[in-house]
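See below for work13.txt, which holds compact mmCIF, C-alpha atoms.
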```
# COMPACT_ATOMS: atom_id res chain seq x y z
CA GLN A 455 -110.95 40.10 -108.72
CA LYS A 456 -107.49 40.17 -110.24
CA GLU A 457 -105.58 43.44 -110.18
CA VAL A 458 -104.65 42.99 -113.84
CA GLU A 459 -106.96 41.41 -116.41
CA GLN A 460 -105.79 40.24 -119.80
CA ASP A 461 -107.72 38.45 -122.52
CA PRO A 462 -106.05 35.03 -122.77
CA GLY A 463 -106.92 34.52 -126.42
CA PRO A 464 -105.74 32.55 -128.27
CA LEU A 465 -105.46 35.11 -131.03
CA SER A 466 -104.69 34.03 -134.58
CA VAL A 467 -103.99 36.54 -137.37
CA PRO A 468 -102.58 36.43 -140.91
CA GLU A 469 -99.10 37.72 -141.59
CA GLY A 470 -99.07 41.49 -142.10
CA ALA A 471 -102.09 42.14 -139.89
CA ILE A 472 -102.20 44.76 -137.16
CA VAL A 473 -102.49 43.13 -133.75
CA SER A 474 -103.99 44.79 -130.70
CA LEU A 475 -103.34 43.33 -127.26
CA ASN A 476 -104.94 44.82 -124.18
CA CYS A 477 -104.95 44.80 -120.40
CA THR A 478 -107.09 46.50 -117.81
CA TYR A 479 -106.15 47.09 -114.22
CA SER A 480 -107.80 48.19 -111.03
CA ASN A 481 -104.97 49.66 -108.94
CA SER A 482 -104.46 53.36 -109.62
CA ALA A 483 -101.07 53.23 -107.87
CA PHE A 484 -99.47 51.48 -110.86
CA GLN A 485 -96.95 53.78 -112.56
CA TYR A 486 -94.80 51.52 -114.75
CA PHE A 487 -96.38 49.48 -117.52
CA MET A 488 -94.56 46.76 -119.37
CA TRP A 489 -95.06 44.23 -122.11
CA TYR A 490 -93.14 40.99 -122.03
CA ARG A 491 -92.94 38.45 -124.83
CA GLN A 492 -92.63 34.77 -123.99
CA TYR A 493 -91.83 32.16 -126.59
CA SER A 494 -92.91 28.60 -125.94
CA ARG A 495 -90.91 26.95 -123.13
CA LYS A 496 -88.78 30.06 -122.64
CA GLY A 497 -88.59 32.79 -120.03
CA PRO A 498 -90.33 36.14 -120.61
CA GLU A 499 -88.29 38.94 -122.16
CA LEU A 500 -89.05 42.63 -121.87
CA LEU A 501 -90.44 44.10 -125.06
CA MET A 502 -91.35 47.63 -124.02
CA TYR A 503 -92.07 49.70 -120.98
CA THR A 504 -93.73 53.06 -120.38
CA TYR A 505 -93.87 55.32 -117.39
CA SER A 506 -97.25 56.88 -116.59
CA SER A 507 -99.61 57.73 -119.47
CA GLY A 508 -98.88 58.16 -123.14
CA ASN A 509 -97.56 56.32 -126.16
CA LYS A 510 -94.22 54.77 -126.91
CA GLU A 511 -93.11 53.42 -130.26
CA ASP A 512 -90.32 50.99 -131.03
CA GLY A 513 -90.18 49.77 -134.60
CA ARG A 514 -93.33 47.79 -135.34
CA PHE A 515 -94.46 47.95 -131.72
CA THR A 516 -96.46 50.71 -130.02
CA ALA A 517 -97.41 50.72 -126.37
CA GLN A 518 -100.23 52.92 -125.12
CA VAL A 519 -101.23 53.71 -121.56
CA ASP A 520 -104.48 55.41 -120.56
CA LYS A 521 -104.36 55.84 -116.82
CA SER A 522 -107.74 57.56 -116.68
CA SER A 523 -109.36 54.41 -118.07
CA LYS A 524 -106.86 52.02 -116.43
CA TYR A 525 -106.22 50.47 -119.81
CA ILE A 526 -103.02 49.61 -121.64
CA SER A 527 -102.49 48.34 -125.17
CA LEU A 528 -99.75 46.91 -127.34
CA PHE A 529 -100.05 47.27 -131.10
CA ILE A 530 -97.99 45.22 -133.50
CA ARG A 531 -97.88 46.48 -137.08
CA ASP A 532 -97.03 44.27 -140.05
CA SER A 533 -97.11 41.19 -137.84
CA GLN A 534 -94.67 38.39 -138.66
CA PRO A 535 -94.72 34.65 -137.91
CA SER A 536 -91.77 35.32 -135.59
CA ASP A 537 -94.13 37.42 -133.45
CA SER A 538 -96.00 34.23 -132.50
CA ALA A 539 -95.65 34.06 -128.73
CA THR A 540 -97.48 34.76 -125.51
CA TYR A 541 -97.59 38.44 -124.60
CA LEU A 542 -97.75 39.36 -120.94
CA CYS A 543 -98.59 42.78 -119.61
CA ALA A 544 -97.05 43.73 -116.29
CA MET A 545 -97.28 46.69 -113.96
CA SER A 546 -95.60 48.03 -110.88
CA ARG A 547 -96.14 50.72 -108.31
CA GLY A 548 -92.62 52.00 -108.75
CA SER A 549 -91.98 52.66 -105.08
CA GLY A 550 -89.69 50.96 -102.65
CA SER A 551 -86.39 49.32 -103.25
CA ALA A 552 -87.60 46.54 -105.52
CA ARG A 553 -90.06 46.62 -108.38
CA GLN A 554 -92.70 44.04 -107.61
CA LEU A 555 -94.43 43.29 -110.86
CA THR A 556 -98.06 42.29 -111.21
CA PHE A 557 -98.59 40.31 -114.40
CA GLY A 558 -101.61 39.67 -116.55
CA SER A 559 -102.30 36.06 -117.46
CA GLY A 560 -100.94 36.49 -120.98
CA THR A 561 -102.40 36.45 -124.51
CA GLN A 562 -101.27 33.72 -126.86
CA LEU A 563 -100.71 35.09 -130.37
CA THR A 564 -100.19 33.10 -133.56
CA VAL A 565 -99.28 34.86 -136.80
CA LEU A 566 -100.01 32.64 -139.77
CA PRO A 567 -97.72 32.84 -142.83
CA ASN B 2 -72.36 36.27 -120.64
CA ALA B 3 -74.84 33.53 -119.69
CA GLY B 4 -77.40 35.93 -118.18
CA VAL B 5 -79.77 34.14 -115.81
CA THR B 6 -79.47 30.37 -115.55
CA GLN B 7 -81.64 27.92 -113.63
CA THR B 8 -80.96 24.42 -112.38
CA PRO B 9 -82.56 21.92 -112.90
CA LYS B 10 -84.63 22.34 -116.06
CA PHE B 11 -87.15 19.68 -115.10
CA ARG B 12 -87.88 17.69 -111.97
CA VAL B 13 -90.47 15.22 -110.74
CA LEU B 14 -91.06 14.98 -107.00
CA LYS B 15 -93.29 12.90 -104.81
CA THR B 16 -95.51 14.61 -102.25
CA GLY B 17 -93.51 15.38 -99.14
CA GLN B 18 -90.10 15.39 -100.77
CA SER B 19 -87.86 18.41 -100.60
CA MET B 20 -85.74 20.10 -103.23
CA THR B 21 -83.81 23.26 -103.99
CA LEU B 22 -83.96 25.24 -107.19
CA LEU B 23 -80.85 27.20 -108.05
CA CYS B 24 -80.75 30.50 -109.88
CA ALA B 25 -77.50 32.14 -110.95
CA GLN B 26 -76.84 35.45 -112.71
CA ASP B 27 -73.60 36.86 -114.02
CA MET B 28 -74.77 40.45 -114.60
CA ASN B 29 -73.90 41.74 -111.11
CA HIS B 30 -77.56 42.57 -110.48
CA GLU B 31 -78.64 43.56 -107.01
CA TYR B 32 -82.21 42.37 -107.22
CA MET B 33 -83.35 38.80 -107.75
CA TYR B 34 -86.81 37.26 -107.86
CA TRP B 35 -88.59 33.91 -107.90
CA TYR B 36 -91.90 33.57 -109.74
CA ARG B 37 -94.22 30.72 -110.50
CA GLN B 38 -96.29 30.54 -113.67
CA ASP B 39 -99.53 28.62 -113.80
CA PRO B 40 -102.11 28.41 -116.62
CA GLY B 41 -104.54 31.31 -116.48
CA MET B 42 -102.70 32.90 -113.56
CA GLY B 43 -99.76 34.62 -115.19
CA LEU B 44 -96.56 35.03 -113.23
CA ARG B 45 -96.81 35.41 -109.46
CA LEU B 46 -93.99 36.56 -107.23
CA ILE B 47 -92.95 34.07 -104.55
CA HIS B 48 -89.97 35.75 -102.88
CA TYR B 49 -87.46 38.38 -103.84
CA SER B 50 -84.14 39.76 -102.69
CA VAL B 51 -82.78 43.29 -102.83
CA GLY B 52 -79.23 42.27 -102.03
CA GLU B 53 -76.93 39.63 -100.63
CA GLY B 54 -78.24 38.31 -97.32
CA THR B 55 -81.69 39.92 -97.62
CA THR B 56 -84.96 38.33 -98.73
CA ALA B 57 -88.62 39.28 -98.62
CA LYS B 58 -91.98 37.64 -99.25
CA GLY B 59 -93.91 38.18 -102.44
CA GLU B 60 -97.49 37.40 -103.31
CA VAL B 61 -97.43 33.61 -102.81
CA PRO B 62 -94.64 32.72 -100.33
CA ASP B 63 -96.28 29.88 -98.40
CA GLY B 64 -94.51 26.54 -98.71
CA TYR B 65 -91.28 28.09 -100.02
CA ASN B 66 -88.09 29.38 -98.49
CA VAL B 67 -85.24 31.28 -100.10
CA SER B 68 -81.66 32.22 -99.43
CA ARG B 69 -79.24 34.70 -101.01
CA LEU B 70 -75.84 33.92 -99.51
CA LYS B 71 -73.99 35.16 -102.57
CA LYS B 72 -74.95 38.09 -104.78
CA GLN B 73 -75.02 35.98 -107.91
CA ASN B 74 -77.14 33.14 -106.54
CA PHE B 75 -80.73 32.91 -105.32
CA LEU B 76 -82.02 29.58 -104.04
CA LEU B 77 -85.65 28.53 -103.77
CA GLY B 78 -86.43 25.66 -101.42
CA LEU B 79 -89.47 23.44 -101.10
CA GLU B 80 -89.33 21.71 -97.72
CA SER B 81 -92.30 19.38 -98.25
CA ALA B 82 -93.58 19.43 -101.81
CA ALA B 83 -97.32 19.38 -102.50
CA PRO B 84 -99.18 18.77 -105.79
CA SER B 85 -100.31 22.43 -105.67
CA GLN B 86 -96.67 23.38 -106.20
CA THR B 87 -96.65 21.79 -109.64
CA SER B 88 -95.72 24.74 -111.80
CA VAL B 89 -93.07 26.38 -113.93
CA TYR B 90 -90.67 28.40 -111.81
CA PHE B 91 -88.84 31.40 -113.18
CA CYS B 92 -86.01 33.31 -111.66
CA ALA B 93 -85.29 36.89 -112.65
CA SER B 94 -82.76 39.57 -111.83
CA SER B 95 -82.70 43.30 -112.36
CA TYR B 96 -80.75 46.55 -112.17
CA SER B 97 -81.82 50.15 -112.41
CA LEU B 98 -82.11 52.19 -115.54
CA GLY B 99 -83.88 55.41 -116.46
CA ARG B 100 -83.07 59.05 -115.95
CA GLY B 101 -84.53 61.92 -114.06
CA GLY B 102 -87.59 61.15 -112.02
CA SER B 103 -88.20 57.69 -113.39
CA ARG B 104 -86.35 54.66 -112.24
CA PHE B 105 -87.15 51.37 -113.82
CA GLU B 106 -85.58 48.00 -113.36
CA THR B 107 -85.68 45.68 -116.34
CA GLN B 108 -86.14 42.15 -115.09
CA TYR B 109 -84.22 39.49 -116.97
CA PHE B 110 -85.70 36.04 -116.72
CA GLY B 111 -84.12 32.62 -116.75
CA PRO B 112 -85.38 29.74 -118.91
CA GLY B 113 -87.52 28.22 -116.16
CA THR B 114 -87.71 25.01 -114.16
CA ARG B 115 -90.66 22.70 -114.74
CA LEU B 116 -91.67 20.96 -111.53
CA LEU B 117 -94.18 18.16 -111.29
CA VAL B 118 -95.26 17.01 -107.83
CA LEU B 119 -97.06 13.68 -107.76
```
Please re-express this file's structure in structure tokens.
Amino acid sequence: QKEVEQDPGPLSVPEGAIVSLNCTYSNSAFQYFMWYRQYSRKGPELLMYTYSSGNKEDGRFTAQVDKSSKYISLFIRDSQPSDSATYLCAMSRGSGSARQLTFGSGTQLTVLP
Amino acid sequence: NAGVTQTPKFRVLKTGQSMTLLCAQDMNHEYMYWYRQDPGMGLRLIHYSVGEGTTAKGEVPDGYNVSRLKKQNFLLGLESAAPSQTSVYFCASSYSLGRGGSRFETQYFGPGTRLLVL
């Protein structure tokens, strides 16, 4: 069983829709939770990160972490065609001298104009 | 500021051939990483380095070697390529940010190298 599970999609929504992307995990030692966005044939780029449980908002994006349920979410409000990409969740234990990330498999999102 | 660059962008190898992938960063980051990305598997860490002259194994290190002779460069070597090593390889680098009790390193990724092993 993978440590991090992510629905691969693909997910297709109309412009302006609210998008919900989710990951579940099994390792309770994870402390840092990240969302990366990856455009086609590009490297991933960090979108948001949270430490421990709670919500974090950045513009149209909201990240939620529920450590009791081992569940994290990314919400995109007023989705735009430019949001079309693969979204990867990632997590780390946060200990040691380097942050080894464990990634989900990614959800491919298409926002239709 | 070029960020993280990778060379080459695309390569085709025959089984048994060797090659080296080069990663360079100009952000003076201490940490560097090599990942591979395969369909349905996400990104998996191959090797990483916490500083010049130091390397460590990640989740899937078999069949790969690395070297970090200079702070800005991280090399990934395939001594004898196998079809199972067909993948997209990403390099990343990071520094620390965050205050108080939380320390978090944002990893900056390169554009990737597509490798096909026949």
Atom pair CA of Met502 in chain A / CA of Cys543 in chain A: separation (Å): 9.8 Å
Please identify every residue of chain B that has at least one atom no farther than 6 Å from an atom of chain A, counting only C-alpha atoms, and for each give the shortest atom pair and the distance in Å to one decimal, arranged by chain then increasing number, as a tab-separated table.
```
residue	atom	partner	partner_atom	distance
B:Gly41	CA	A:Ser559	CA	5.3
B:Met42	CA	A:Ser559	CA	5.0
B:Gly43	CA	A:Ser559	CA	3.7
B:Leu44	CA	A:Phe557	CA	5.8
B:Phe110	CA	A:Gly497	CA	5.5
B:Gly111	CA	A:Gly497	CA	5.5
B:Pro112	CA	A:Gly497	CA	4.6
```
Selection file, C-alpha atoms, as a CSV table (one decimal), in the frame of the given file:
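Written out: again-v6.csv:
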```
chain,number,residue,atom,x,y,z
B,41,GLY,CA,-104.5,31.3,-116.5
B,42,MET,CA,-102.7,32.9,-113.6
B,43,GLY,CA,-99.8,34.6,-115.2
B,44,LEU,CA,-96.6,35.0,-113.2
B,110,PHE,CA,-85.7,36.0,-116.7
B,111,GLY,CA,-84.1,32.6,-116.8
B,112,PRO,CA,-85.4,29.7,-118.9
```
At a cut-off of 6 Å, using all atoms listed in the file, what residues contact Ser94 in chain B? Leave out same-chain residues fewer than 3 positions from it and give the result as a JSON list (two decimals) with C-alpha atoms, in the coordinates of the input.
```json
[["chain", "number", "residue", "atom", "x", "y", "z"],
["B", 32, "TYR", "CA", -82.21, 42.37, -107.22],
["B", 33, "MET", "CA", -83.35, 38.80, -107.75],
["B", 108, "GLN", "CA", -86.14, 42.15, -115.09],
["B", 109, "TYR", "CA", -84.22, 39.49, -116.97]]
```
Contacts of Asp520 in chain A within 10 Å, only C-alpha atoms, excl. fewer than 2 positions in-chain, as number ranges by chain: A: 478, 506-509, 518, 522-527
For CA of His30 in chain B and CA of Gln73 in chain B, the interatomic separation in Å (one decimal):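 Between CA of His30 in chain B and CA of Gln73 in chain B the gap works out to 7.5 Å.
CA of Ile47 in chain B to CA of Ser538 in chain A spans 28.1 Å [interatomic distance, one decimal].
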Close residues, Leu116 in chain B itself excluded, 12 Å, all atoms listed in the file, min 6 positions apart in chain, as a list in words: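 The residues satisfying every condition are Thr8, Pro9, Lys10, Phe11, Arg12, Val13, Leu14, Lys15, Thr16, Ser19, Met20, Thr21, Leu22, Arg37, Gln38, Asp39, Leu79, Ala82, Ala83, Pro84, Ser85, Gln86, Thr87, Ser88, Val89, Tyr90 and Phe91 of chain B.
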Near-Glu457 in chain A list (7 Å; only C-alpha atoms; drop same-chain fewer than 3 positions) as a list in words: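 Skipping anything fewer than 3 positions along the chain leaves Tyr479, Ser480 and Asn481 of chain A.
The closest residue to Leu563 in chain A, picked from A:Asp537, A:Leu528, A:Phe484, A:Met545 and counting all atoms listed in the file, is A:Asp537.
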